[in-house]
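Trainee: Structure file coords_12.tsv, TSV, C-alpha atoms, is pasted below:
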chain	number	residue	atom	x	y	z
M	1	ASP	CA	211.45	67.61	114.31
M	2	ASP	CA	211.94	68.71	110.76
M	3	ASP	CA	208.66	68.94	108.85
M	4	LEU	CA	209.89	67.07	105.80
M	5	PRO	CA	207.92	64.97	103.34
M	6	GLY	CA	208.03	61.27	103.97
M	7	PRO	CA	206.22	58.02	103.29
M	8	ASP	CA	202.98	56.98	104.96
M	9	ALA	CA	203.27	54.76	108.00
M	10	ALA	CA	201.74	51.30	107.62
M	11	VAL	CA	199.70	50.70	110.78
M	12	THR	CA	198.26	47.33	111.82
M	13	LEU	CA	195.84	47.14	114.75
M	14	GLU	CA	194.82	43.86	116.37
M	15	LEU	CA	191.84	44.04	118.71
M	16	ASP	CA	191.39	41.03	120.98
M	17	GLY	CA	187.81	40.00	121.69
M	18	ALA	CA	186.39	41.66	118.58
M	19	SER	CA	184.23	39.62	116.23
M	20	SER	CA	182.51	42.19	114.03
M	21	THR	CA	183.58	42.59	110.42
M	22	THR	CA	181.75	45.92	110.26
M	23	PRO	CA	184.39	48.57	109.66
M	24	PRO	CA	184.77	51.32	112.25
M	25	THR	CA	184.33	54.98	111.40
M	26	LEU	CA	187.73	56.45	110.58
M	27	TYR	CA	188.33	60.14	111.29
M	28	ARG	CA	191.52	61.74	110.02
M	29	VAL	CA	193.53	64.89	110.58
M	30	ASP	CA	196.22	65.20	107.94
M	31	GLU	CA	197.08	67.22	104.85
M	32	LEU	CA	193.80	66.31	103.12
M	33	HIS	CA	191.36	65.88	106.03
M	34	SER	CA	190.17	68.19	108.83
M	35	ASN	CA	192.97	70.70	108.29
M	36	ALA	CA	192.06	74.32	107.55
M	37	TYR	CA	195.72	75.37	107.72
M	38	GLU	CA	196.63	73.19	104.72
M	39	LEU	CA	193.64	74.58	102.80
M	40	TRP	CA	194.75	78.14	103.66
M	41	LYS	CA	198.21	77.33	102.26
M	42	ARG	CA	196.60	75.98	99.06
M	43	TYR	CA	194.76	79.30	98.76
M	44	GLY	CA	198.19	80.96	98.66
M	45	SER	CA	198.29	81.89	102.39
M	46	PRO	CA	196.22	85.06	101.96
M	47	GLN	CA	196.57	87.71	104.65
M	48	ASP	CA	192.88	88.59	104.19
M	49	PRO	CA	190.95	85.54	102.96
M	50	THR	CA	187.67	86.20	101.19
M	51	PRO	CA	184.44	85.49	103.06
M	52	GLU	CA	183.95	82.42	100.86
M	53	GLN	CA	187.44	81.15	101.70
M	54	ILE	CA	186.80	81.68	105.41
M	55	GLU	CA	183.56	79.69	105.27
M	56	THR	CA	185.25	76.88	103.33
M	57	MET	CA	188.12	76.80	105.84
M	58	LYS	CA	185.63	76.62	108.73
M	59	THR	CA	183.98	73.64	107.08
M	60	PHE	CA	187.32	72.02	106.34
M	61	ALA	CA	188.37	72.45	109.99
M	62	GLN	CA	185.61	70.07	111.15
M	63	LEU	CA	186.55	66.48	111.89
M	64	GLN	CA	186.20	64.54	108.62
M	65	THR	CA	185.82	60.88	107.92
M	66	ALA	CA	187.97	58.88	105.54
M	67	ASP	CA	187.46	55.51	103.87
M	68	PRO	CA	187.31	52.91	106.64
M	69	PRO	CA	189.93	50.19	106.75
M	70	GLU	CA	189.01	46.60	105.93
M	71	VAL	CA	188.39	44.45	108.99
M	72	LYS	CA	189.61	40.84	109.07
M	73	THR	CA	188.49	38.60	111.90
M	74	GLY	CA	189.66	35.26	113.14
M	75	GLU	CA	189.80	33.53	116.51
M	76	GLY	CA	188.24	36.52	118.29
M	77	ILE	CA	190.77	39.01	116.95
M	78	ALA	CA	189.92	41.83	114.55
M	79	THR	CA	192.81	43.08	112.42
M	80	LEU	CA	192.76	46.44	110.67
M	81	GLU	CA	195.43	47.84	108.39
M	82	LEU	CA	195.69	51.44	107.32
M	83	ASN	CA	198.24	53.90	106.01
M	84	LEU	CA	198.75	56.99	108.12
M	85	PRO	CA	200.24	60.00	106.35
M	86	ARG	CA	203.24	61.73	107.89
M	87	GLN	CA	202.09	64.31	110.44
M	88	GLY	CA	198.66	62.63	110.44
M	89	VAL	CA	196.38	61.43	113.21
M	90	ALA	CA	193.59	58.83	113.01
M	91	LEU	CA	190.65	58.14	115.31
M	92	LEU	CA	188.77	54.85	114.93
M	93	VAL	CA	185.29	54.66	116.44
M	94	TRP	CA	183.69	51.23	116.51
If you took the structure in this file and wrote it as structure tokens, what would it be?
Mentor:
Amino acid sequence: DDDLPGPDAAVTLELDGASSTTPPTLYRVDELHSNAYELWKRYGSPQDPTPEQIETMKTFAQLQTADPPEVKTGEGIATLELNLPRQGVALLVW
């Protein structure tokens, strides 16, 4: 796989038997969330990061939440739509 820029993927999830309109918690790992490597690159890829940079990268490496998707319900089915960045992963916890 070539690591080339590309558009976000439009993802639609349909959950049968769901009736809650309360949005789930959305955790993301992508260029802007939970990714210390990307932060290190933004720092200029230092060979010897400063202690402050190291602490910030440790914090940024923790699993982070993102804005939850809107939930639409009807006939016992919950539908969620979200955009997933290229090379990104999402975890929904309901």
Trainee: Please indicate the distance in Å from atom CA of M:Met57 to atom CA of M:Leu39, rounded to one decimal place.
Mentor: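 If I compute the distance from atom CA of M:Met57 to atom CA of M:Leu39, I get 6.7 Å.
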Trainee: M:Leu32: which residues within 12 Å, counting all atoms listed in the file, same-chain residues fewer than 5 positions away excluded, as a PyMOL selection string?
Mentor: chain M and resi 27+37-42+60-61+63-66+84-89
Trainee: What is the atom CA of M:Gly74-atom CA of M:Ser19 distance in Å, reported with one decimal?
Mentor: 7.6 Å
Trainee: Can you tell me which residues surround M:Trp94 at a distance of at most 9 Å, considering only C-alpha atoms, apart from same-chain residues fewer than 3 positions away, and format the answer as a list in words?
Mentor: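 Listing them by chain and then by number gives Thr22, Pro23, Pro24, Thr25 and Leu26 of chain M.
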Trainee: Report the distance between atom CA of M:Thr59 and atom CA of M:Ser45 in Å, rounded to one decimal place.
Mentor: 17.2 Å
Trainee: Pick from M:Glu75, M:Arg28, M:Ile54, M:Gln62: nearest to M:Ala90, with all atoms listed in the file counted?
Mentor: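 So, comparing all the options, the nearest one is M:Arg28.
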Trainee: Got a sec: who's within 8 Å of M:Ala18, counting only C-alpha atoms, leaving out chain neighbours fewer than 5 positions off, as JSON, numbers by chain?
Mentor: {"M": [73, 76, 77, 78]}
Trainee: Looking at M:Asp67, M:Ala36, M:Thr21, M:Val29, which one is nearest to M:Gln53, with distances taken over all atoms listed in the file?
Mentor: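 Among the listed residues, M:Ala36 lies closest to M:Gln53.
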Trainee: So that I can check the surroundings of M:Thr12, please list as a PDB file with C-alpha atoms, in the coordinates of the input every protein, DNA and RNA residue that reaches within 7 Å of it, counting all atoms listed in the file and ignoring chain neighbours fewer than 5 positions away.
Mentor:
ATOM      1  CA  THR M  79     192.810  43.080 112.420  1.00  0.00           C
ATOM      2  CA  LEU M  80     192.760  46.440 110.670  1.00  0.00           C
ATOM      3  CA  GLU M  81     195.430  47.840 108.390  1.00  0.00           C
ATOM      4  CA  LEU M  82     195.690  51.440 107.320  1.00  0.00           C
TER       5      LEU M  82
END
Trainee: Closest to M:Pro69 among M:Gly17, M:Asp8, M:Leu92, M:Tyr43, using all atoms listed in the file?
Mentor: M:Leu92
Trainee: Can you work out which one of M:Leu91, M:Pro5, M:Val71, M:Leu15 has the shortest atom-to-atom distance to M:Glu31, counting all atoms listed in the file?
Mentor: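 Looking only at the distances to M:Glu31, the closest residue turns out to be M:Pro5.
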Trainee: Enclose the full set of atoms of stretch 68-80 of chain M listed in the file within a box whose edges lie along x, y and z, apply 4 Å of padding to each of the six sides, and report centre and edge lengths in Å to one decimal as AutoDock Vina command-line options.
Mentor:
--center_x 190.1 --center_y 43.2 --center_z 112.1 --size_x 13.5 --size_y 27.4 --size_z 20.4
Trainee: For each of M:Glu14, M:Pro7, M:Glu55, M:Val93, take the minimum atom-to-atom distance to M:Pro68, counting all atoms listed in the file, then give the residue where this is smallest.
Mentor: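 The answer is M:Val93, which sits nearest to M:Pro68.
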